[in-house]
Amino acid sequence: LGSISANPVDHLWKARVEGTVVSSSDVPRPVDEDAAYELQRELTAFAAQHSGAQVVGFKVGSTTEEGVAALQLTQPFFGPLVESYCYKSGDDVPLSEHHQVLIETEIAIGLAADLPAGAREYGEADVQEATAWIAPAFELVAIRLDLPLAGNGPYLIADGGVNAAFVLGQKTESWDGLDLSQHPVTLNVNGSQTANGHSGMSMFGNPFNVVAWLANHPQLKQRGLKAGDMTVSYTHL
């Protein structure tokens, strides 16, 4: 980790690595979403410098109007997926008992081509053309601050999009025949179905539109999306 200073991102990364909780008094509340993303970028840079953490894609959260309102944001938000916290189906996923962890069903999309920032306004067809595979996935969500999720969207953005871990299911490269605006999704826990829905239950209508929104996001203007990136979005069961 290196030395931990009073810098807020130092506290946040230490909490993720060590499974501890940060006092909100140590991380000033971002004044707006732009300020929250600036803290997120500082956190990502700190993690890369001190732990060699590599970003392999992004999660997109709060993809319904109700979710955006509950977090007091103006739109959905994104956060980086860090390679060391990405797992494959069947892996044991270490989590901290000090973090309140939530599980979300996701649709993951892997890119075979770059979607450079600012090249043009991307749409669903652009993302489909750039897609290498799709897969079911889980995201494990946890805030490292002593705060509830509701009403604290700027903090969630700053805290790495509150990603705790990501679990990727079996990839499908032949997805042309699938209707991702209506593809059924079910969640089973210990053999019992606990929820069901479909892949189009968001304000975007399907996961390809989620990726297009992300590729067009002004907060990604310096990076864009790259071949090999994964993008995951909640299916809202």
# chains A, B, ... in the order shown; residues from 1 in each chain; ligands from 1

$ closest_atom_pairs --of "segment 99-189 of chain A" --to "segment 48-66 of chain A" --cutoff "10 Å" --atoms "only C-alpha atoms" --output "Markdown table"
| residue | atom | partner | partner_atom | distance |
| --- | --- | --- | --- | --- |
| A:Glu104 | CA | A:Gly61 | CA | 9.9 |
| A:Glu106 | CA | A:Lys59 | CA | 9.3 |
| A:Ala108 | CA | A:Lys59 | CA | 9.0 |
| A:Ile109 | CA | A:Gly57 | CA | 9.6 |
| A:Gly110 | CA | A:Gly57 | CA | 8.7 |
| A:Leu111 | CA | A:Gly57 | CA | 9.5 |
| A:Glu139 | CA | A:Lys59 | CA | 8.4 |
| A:Val141 | CA | A:Gly61 | CA | 10.0 |
| A:Gly153 | CA | A:Ser62 | CA | 9.3 |
| A:Leu156 | CA | A:Gly61 | CA | 9.9 |
| A:Ile157 | CA | A:Gly61 | CA | 9.6 |
| A:Gly160 | CA | A:Lys59 | CA | 9.7 |
| A:Gly161 | CA | A:Lys59 | CA | 7.6 |
| A:Val162 | CA | A:Gly61 | CA | 9.4 |
| A:Asn163 | CA | A:Lys59 | CA | 7.8 |
| A:Phe166 | CA | A:Lys59 | CA | 9.2 |

$ select_by_dssp --residues "segment 6-228 of chain A" --states "strand (DSSP E or B)" --output "PyMOL selection string"
chain A and resi 22+55-61+77-82+86-88+102-111+115+131-141+145+163-168+172+184-189+192-198+225

$ closest_atom_pairs --of "segment 101-204 of chain A" --to "segment 10-32 of chain A" --cutoff "9 Å" --atoms "only C-alpha atoms" --output "JSON lines"
{"residue": "A:Ile143", "atom": "CA", "partner": "A:Val21", "partner_atom": "CA", "distance": 8.4}
{"residue": "A:Arg144", "atom": "CA", "partner": "A:Val21", "partner_atom": "CA", "distance": 5.1}
{"residue": "A:Leu145", "atom": "CA", "partner": "A:Val22", "partner_atom": "CA", "distance": 4.7}
{"residue": "A:Asp146", "atom": "CA", "partner": "A:Ser23", "partner_atom": "CA", "distance": 5.6}
{"residue": "A:Leu147", "atom": "CA", "partner": "A:Ser24", "partner_atom": "CA", "distance": 7.2}
{"residue": "A:Asn152", "atom": "CA", "partner": "A:Arg29", "partner_atom": "CA", "distance": 8.7}
{"residue": "A:Pro154", "atom": "CA", "partner": "A:Pro30", "partner_atom": "CA", "distance": 5.9}
{"residue": "A:Tyr155", "atom": "CA", "partner": "A:Arg29", "partner_atom": "CA", "distance": 6.4}
{"residue": "A:Ala158", "atom": "CA", "partner": "A:Pro30", "partner_atom": "CA", "distance": 7.9}
{"residue": "A:Asp159", "atom": "CA", "partner": "A:Leu12", "partner_atom": "CA", "distance": 6.6}
{"residue": "A:Gly160", "atom": "CA", "partner": "A:Leu12", "partner_atom": "CA", "distance": 8.6}
{"residue": "A:Ala164", "atom": "CA", "partner": "A:Arg16", "partner_atom": "CA", "distance": 7.6}

$ closest_atom_pairs --of "segment 26-138 of chain A" --to "segment 217-220 of chain A" --cutoff "10 Å" --atoms "only C-alpha atoms" --output "Markdown table"
| residue | atom | partner | partner_atom | distance |
| --- | --- | --- | --- | --- |
| A:Glu33 | CA | A:Gln219 | CA | 9.7 |
| A:Asp34 | CA | A:Gln219 | CA | 7.7 |
| A:Tyr37 | CA | A:Gln219 | CA | 7.1 |
| A:Glu38 | CA | A:Gln219 | CA | 8.7 |
| A:Arg41 | CA | A:Gln219 | CA | 9.6 |
| A:Phe77 | CA | A:His217 | CA | 9.8 |
| A:Phe78 | CA | A:Gln219 | CA | 9.5 |
| A:Pro116 | CA | A:Leu220 | CA | 9.5 |
| A:Ala117 | CA | A:Leu220 | CA | 6.8 |
| A:Gly118 | CA | A:Pro218 | CA | 8.7 |
| A:Glu121 | CA | A:His217 | CA | 9.8 |
